[in-house]
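I have placed the structure first, in the form of structure tokens, so that the comments after it can refer back to it.
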There are 2 protein chains.
Amino acid sequence: MPDEPTLHNQPPARKQQQRSIVTQQKLLDAAVEAFSENGFKGTSTRDIAERAGVHHPLITYHFKNKDQLWRAAADYVFGTFTESLSNALDEYKEQDPKQRMSALIHTYVKYARAQPALHKVMVQEASYPNARLDWLIERHLKPIFTVTFGMLEKLQQLGVAVPGNPALLFNMIRLSSGGLLALGNELKASSGIDIDDPKTLNEISEMIVRVFLPGKMPARRPDSAN
Amino acid sequence: MPDEPTLHNQPPARKQQQRSIVTQQKLLDAAVEAFSENGFKGTSTRDIAERAGVHHPLITYHFKNKDQLWRAAADYVFGTFTESLSNALDEYKEQDPKQRMSALIHTYVKYARAQPALHKVMVQEASYPNARLDWLIERHLKPIFTVTFGMLEKLQQLGVAVPGNPALLFNMIRLSSGGLLALGNELKASSGIDIDDPKTLNEISEMIVRVFLPGKMPARRPDSAN
DNA sequence: CCCTTTTGGTCCACTTTGGAAAAAAATTGA
DNA sequence: TCAATTTTTTTCCAAAGTGGACCAAAAGGG
């Protein structure tokens, strides 16, 4: 994604320099961190630049303004996330639906640990009606949701996933993974859960599967794959 | 709680006036809303005063400073919440453990709908290590957690709650209710879930019970109550 | 009707805000 | 090598916002 200039849509007469890419990436990382901690309003561009170790006018240069920077940061987080999901799906495409969904959940948990902003940003933006929220939903959430949604419905029909409104089911799974990991600092102090321990991550995804997908896959009929 | 002056610990020579109580309450409501939307850092006292429809120096008068106001607001939200929980527990004290836990979950969902700040504030404060977070955990979270925690362990022994780390179990329940409702604005647009519909709330708490407490209570032996 | 509590209005000293502008430096491609 | 271009540095701005102090006016209590 950051291969070509983020801003200039005119044909670049000369190719982008390496240091520019580095700067953009530093700014994106810093932006993700800052926005997820303090929300859009609560974050200043200077704060972001400082975290990135970069002079603040570079934000204007690379991303035009605060709003565009936010969008670029969201694209970065959710784009990478979507990629992880579809990689997992690809890797397990030969497996049965339950294993595929388990792989998705496991990927979700791992990603949410590495990038808690995934959930924090949602909570921040969902706080009040908001153009950024709408943009985020249309651009990133819906595509993920509809796919996962369909998989869950099928699992319900197979008697693997618990019955009930699949939309609710999906969002509960989502919160039990992403939402849980977003509370990192709190969980250790309040419940003794250490999300830095890799065992904990496994425990989490296994529990999610056990709870939300309690059924066994019916014996596979040799003709029908999915 | 707001019966006596929030600030002055000296004996009040004269009792607090009614309008003062009203002002404090307006400020508390506004503070909860603002803090949950924009976090501590992202919220200005002037913003709070404006939402409350009150002149901003009144914050200094009633709560001394921004930090004290935040704590008073947290006390208000979590105090009321704890009260709701123990009322529910009280109301169902004759019932079996599963019904009691179901009542707790239902109360949680209802409260989280009325006061989404319950979860939002946690996400905000858990974003980075933080004195307010520690204060909140010690003062409000731990008491609730230890009680609920014990109930869950018992339900696991009875084969009602799903097995596994009870701390994880507890937090997943917590996120499937409070965390879910904190996303209100998003859920409608992304998944078609309308949390303003009372039916939805019932659906949520019922699904949580079905998922996390799938077992039936064993036939009650006449001698042992709990 | 006096005295306390509460509020309104004003002021302050200071920081922070997002962004503009232009000069300087680094890199590219020929 | 060197001119054109990209990227960074430095400086500046006007505006708004910051938490909080202060005091006179108003309201309410006893």
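Residues in the structure tokens are named by chain (A, B, ... in the order shown) and by number from 1 within that chain; ligands are numbered from 1 in the order shown.
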
Show me a table, sorted first by chain and then by increasing residue number, of the residues of chain C having an atom at most 12 Å from chain A, each with its shortest atom pair and the distance in Å to one decimal, counting only C-alpha atoms (C1' of nucleotides) and written as JSON lines.
{"residue": "C:DT16", "atom": "C1'", "partner": "A:Ser44", "partner_atom": "CA", "distance": 8.7}
{"residue": "C:DT17", "atom": "C1'", "partner": "A:Ser44", "partner_atom": "CA", "distance": 7.7}
{"residue": "C:DG18", "atom": "C1'", "partner": "A:Thr45", "partner_atom": "CA", "distance": 7.8}
{"residue": "C:DG19", "atom": "C1'", "partner": "A:Thr60", "partner_atom": "CA", "distance": 7.7}
{"residue": "C:DA20", "atom": "C1'", "partner": "A:Pro57", "partner_atom": "CA", "distance": 9.7}
{"residue": "C:DA21", "atom": "C1'", "partner": "A:Pro57", "partner_atom": "CA", "distance": 11.0}
{"residue": "C:DA26", "atom": "C1'", "partner": "A:Arg19", "partner_atom": "CA", "distance": 9.9}
{"residue": "C:DT27", "atom": "C1'", "partner": "A:Gln17", "partner_atom": "CA", "distance": 7.3}
{"residue": "C:DT28", "atom": "C1'", "partner": "A:Arg14", "partner_atom": "CA", "distance": 7.3}
{"residue": "C:DG29", "atom": "C1'", "partner": "A:Arg14", "partner_atom": "CA", "distance": 8.3}

Tell me, counting only C-alpha atoms, for each residue of chain A within 9 Å of chain B, which pair of atoms is nearest and how far apart they are in Å to one decimal, in rows ordered by chain and increasing number, as a Markdown table.
| residue | atom | partner | partner_atom | distance |
| --- | --- | --- | --- | --- |
| A:Ser36 | CA | B:Ser127 | CA | 7.5 |
| A:Glu37 | CA | B:Ser127 | CA | 5.2 |
| A:Asn38 | CA | B:Gly39 | CA | 6.3 |
| A:Gly39 | CA | B:Asn38 | CA | 6.3 |
| A:Phe40 | CA | B:Asn38 | CA | 8.3 |
| A:Lys41 | CA | B:Gly42 | CA | 6.4 |
| A:Gly42 | CA | B:Gly42 | CA | 3.8 |
| A:Thr43 | CA | B:Gly42 | CA | 7.4 |
| A:Lys120 | CA | B:Val123 | CA | 6.9 |
| A:Met122 | CA | B:Leu183 | CA | 7.5 |
| A:Val123 | CA | B:Leu183 | CA | 6.1 |
| A:Gln124 | CA | B:Glu37 | CA | 6.9 |
| A:Glu125 | CA | B:Glu37 | CA | 8.5 |
| A:Ala126 | CA | B:Asn185 | CA | 5.4 |
| A:Ser127 | CA | B:Glu37 | CA | 5.3 |
| A:Tyr128 | CA | B:Asn185 | CA | 7.0 |
| A:Pro129 | CA | B:Asn185 | CA | 6.7 |
| A:Leu133 | CA | B:Glu186 | CA | 7.4 |
| A:Asp134 | CA | B:Ala189 | CA | 7.8 |
| A:Ile137 | CA | B:Ser190 | CA | 6.1 |
| A:Glu138 | CA | B:Ser190 | CA | 7.9 |
| A:Leu141 | CA | B:Ser190 | CA | 6.8 |
| A:Lys142 | CA | B:Ser190 | CA | 5.9 |
| A:Phe145 | CA | B:Ser191 | CA | 7.7 |
| A:Thr146 | CA | B:Ser191 | CA | 8.7 |
| A:Val162 | CA | B:Val211 | CA | 7.0 |
| A:Pro163 | CA | B:Met207 | CA | 8.6 |
| A:Gly164 | CA | B:Met207 | CA | 7.0 |
| A:Asn165 | CA | B:Glu203 | CA | 8.2 |
| A:Ala167 | CA | B:Ser191 | CA | 6.0 |
| A:Leu168 | CA | B:Ile204 | CA | 7.2 |
| A:Leu169 | CA | B:Met207 | CA | 8.1 |
| A:Asn171 | CA | B:Leu180 | CA | 7.2 |
| A:Met172 | CA | B:Ser176 | CA | 5.0 |
| A:Ile173 | CA | B:Ser176 | CA | 7.9 |
| A:Arg174 | CA | B:Ser176 | CA | 8.8 |
| A:Leu175 | CA | B:Leu175 | CA | 5.9 |
| A:Ser176 | CA | B:Met172 | CA | 5.0 |
| A:Ser177 | CA | B:Met172 | CA | 8.2 |
| A:Gly179 | CA | B:Leu175 | CA | 6.7 |
| A:Leu180 | CA | B:Leu175 | CA | 6.8 |
| A:Ala182 | CA | B:Val123 | CA | 7.0 |
| A:Leu183 | CA | B:Ala126 | CA | 5.7 |
| A:Gly184 | CA | B:Ala126 | CA | 7.0 |
| A:Asn185 | CA | B:Ala126 | CA | 5.4 |
| A:Glu186 | CA | B:Ala126 | CA | 5.6 |
| A:Leu187 | CA | B:Asn171 | CA | 8.5 |
| A:Ala189 | CA | B:Ile137 | CA | 7.3 |
| A:Ser190 | CA | B:Lys142 | CA | 6.0 |
| A:Ser191 | CA | B:Ala167 | CA | 6.0 |
| A:Gly192 | CA | B:Ala167 | CA | 7.7 |
| A:Ile193 | CA | B:Ala167 | CA | 7.3 |
| A:Glu203 | CA | B:Asn165 | CA | 8.2 |
| A:Ile204 | CA | B:Leu168 | CA | 7.2 |
| A:Met207 | CA | B:Gly164 | CA | 7.0 |
| A:Ile208 | CA | B:Met172 | CA | 8.7 |
| A:Arg210 | CA | B:Val162 | CA | 8.2 |
| A:Val211 | CA | B:Val211 | CA | 6.1 |
| A:Phe212 | CA | B:Val211 | CA | 6.5 |

Worksheet item: If you count only C-alpha atoms (C1' of nucleotides), which residues fall within 10 Å of DT7 of chain C, apart from same-chain ones fewer than 2 positions away, as JSON, numbers by chain?
Response: {"B": [20, 54, 55, 57, 58, 61], "C": [5, 9], "D": [25, 26, 27]}

Write out as a PDB file with N, CA and C atoms (P, O5', C5', C4', C3', O3' and C1' of nucleotides), in the first residue's frame each polymer residue whose atoms come within 12 Å of DC14 of chain C, counting only C-alpha atoms (C1' of nucleotides); drop sequence neighbours fewer than 4 positions from it.
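Final output, saved to part-v7.pdb:
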ATOM      1  P    DG D  17     -12.409  26.918  20.277  1.00  0.00           P
ATOM      2  O5'  DG D  17     -11.434  26.327  21.374  1.00  0.00           O
ATOM      3  C5'  DG D  17     -10.375  25.472  20.945  1.00  0.00           C
ATOM      4  C4'  DG D  17      -9.506  25.169  22.137  1.00  0.00           C
ATOM      5  C3'  DG D  17     -10.293  24.928  23.424  1.00  0.00           C
ATOM      6  O3'  DG D  17      -9.851  23.719  23.997  1.00  0.00           O
ATOM      7  C1'  DG D  17      -8.615  26.564  23.779  1.00  0.00           C
ATOM      8  P    DT D  18     -10.551  23.144  25.285  1.00  0.00           P
ATOM      9  O5'  DT D  18      -9.492  23.511  26.409  1.00  0.00           O
ATOM     10  C5'  DT D  18      -8.149  23.040  26.217  1.00  0.00           C
ATOM     11  C4'  DT D  18      -7.280  23.520  27.337  1.00  0.00           C
ATOM     12  C3'  DT D  18      -7.969  23.637  28.688  1.00  0.00           C
ATOM     13  O3'  DT D  18      -8.054  22.361  29.251  1.00  0.00           O
ATOM     14  C1'  DT D  18      -6.478  25.493  28.295  1.00  0.00           C
ATOM     15  P    DG D  19      -9.168  21.946  30.280  1.00  0.00           P
ATOM     16  O5'  DG D  19      -8.515  22.457  31.631  1.00  0.00           O
ATOM     17  C5'  DG D  19      -7.236  21.980  31.984  1.00  0.00           C
ATOM     18  C4'  DG D  19      -6.710  22.804  33.129  1.00  0.00           C
ATOM     19  C3'  DG D  19      -7.601  22.781  34.378  1.00  0.00           C
ATOM     20  O3'  DG D  19      -6.780  22.710  35.528  1.00  0.00           O
ATOM     21  C1'  DG D  19      -7.361  25.001  33.616  1.00  0.00           C
ATOM     22  P    DG D  20      -7.465  22.521  36.971  1.00  0.00           P
ATOM     23  O5'  DG D  20      -7.500  24.026  37.505  1.00  0.00           O
ATOM     24  C5'  DG D  20      -6.290  24.785  37.484  1.00  0.00           C
ATOM     25  C4'  DG D  20      -6.613  26.248  37.689  1.00  0.00           C
ATOM     26  C3'  DG D  20      -7.480  26.561  38.915  1.00  0.00           C
ATOM     27  O3'  DG D  20      -6.715  27.314  39.812  1.00  0.00           O
ATOM     28  C1'  DG D  20      -8.088  27.853  37.031  1.00  0.00           C
TER      29       DG D  20
END

Discussion item. Could you go through chain A and tell me which residues DSSP, when run on the backbone, assigns to alpha helix (DSSP H), listing them as a ChimeraX atom specification?
Written reply: /A:18-38,45-52,57-63,66-91,97-114,117-125,131-136,142-157,166-174,180-182,184-191,198-212

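Distance criterion 12 Å to chain A, applied with only C-alpha atoms (C1' of nucleotides), yields D:DA4, D:DT5, D:DT6, D:DT7, D:DT8, D:DT9, D:DT10, D:DT11 on chain D.
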
Keeping only N, CA and C atoms (P, O5', C5', C4', C3', O3' and C1' of nucleotides), take the residues you just selected and write them out as a CSV table (one decimal), in the first residue's frame.
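As a result, out.csv now contains:
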chain,number,residue,atom,x,y,z
D,4,DA,P,17.3,22.8,-14.4
D,4,DA,O5',16.3,21.7,-14.0
D,4,DA,C5',16.2,20.5,-14.7
D,4,DA,C4',15.5,19.4,-13.9
D,4,DA,C3',14.2,20.0,-13.2
D,4,DA,O3',13.2,19.1,-13.4
D,4,DA,C1',15.6,19.0,-11.6
D,5,DT,P,11.7,19.4,-12.9
D,5,DT,O5',11.7,18.5,-11.5
D,5,DT,C5',12.0,17.1,-11.6
D,5,DT,C4',12.1,16.5,-10.2
D,5,DT,C3',10.9,16.9,-9.3
D,5,DT,O3',10.2,15.7,-9.0
D,5,DT,C1',12.9,17.2,-8.1
D,6,DT,P,8.9,15.7,-8.0
D,6,DT,O5',9.6,15.1,-6.7
D,6,DT,C5',10.4,14.0,-6.7
D,6,DT,C4',11.0,13.7,-5.3
D,6,DT,C3',10.0,13.7,-4.2
D,6,DT,O3',10.3,12.6,-3.4
D,6,DT,C1',11.7,15.3,-3.7
D,7,DT,P,9.4,12.2,-2.2
D,7,DT,O5',10.0,12.8,-1.0
D,7,DT,C5',11.3,12.4,-0.5
D,7,DT,C4',11.9,13.3,0.5
D,7,DT,C3',11.0,13.5,1.8
D,7,DT,O3',11.6,12.9,2.8
D,7,DT,C1',12.0,15.5,1.1
D,8,DT,P,11.1,13.0,4.3
D,8,DT,O5',11.9,14.2,4.8
D,8,DT,C5',13.3,14.2,4.9
D,8,DT,C4',13.9,15.5,5.4
D,8,DT,C3',13.4,15.9,6.8
D,8,DT,O3',14.5,16.2,7.6
D,8,DT,C1',13.2,17.7,5.3
D,9,DT,P,14.4,16.3,9.1
D,9,DT,O5',14.6,17.9,9.3
D,9,DT,C5',15.8,18.5,8.7
D,9,DT,C4',15.7,20.0,8.7
D,9,DT,C3',15.3,20.6,10.1
D,9,DT,O3',16.4,21.4,10.5
D,9,DT,C1',14.1,21.6,8.3
D,10,DT,P,16.4,21.9,12.0
D,10,DT,O5',15.8,23.4,11.8
D,10,DT,C5',16.2,24.2,10.7
D,10,DT,C4',15.3,25.4,10.6
D,10,DT,C3',14.8,25.9,11.9
D,10,DT,O3',15.3,27.2,12.1
D,10,DT,C1',13.0,25.9,10.3
D,11,DT,P,15.0,28.1,13.4
D,11,DT,O5',13.8,29.0,13.0
D,11,DT,C5',13.8,29.6,11.7
D,11,DT,C4',12.5,30.2,11.4
D,11,DT,C3',11.8,30.9,12.5
D,11,DT,O3',11.6,32.2,12.2
D,11,DT,C1',10.3,29.5,11.3

Discussion item. Just want the 8 Å neighbourhood of Val32 of chain A, counted on only C-alpha atoms (C1' of nucleotides), with same-chain residues fewer than 6 positions away dropped. Output as a list of chain:residue names.
Written reply: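 With the cut-off at 8 Å, the set is A:Trp70, A:Ala73, A:Ala74, A:Val77, A:Ala117.
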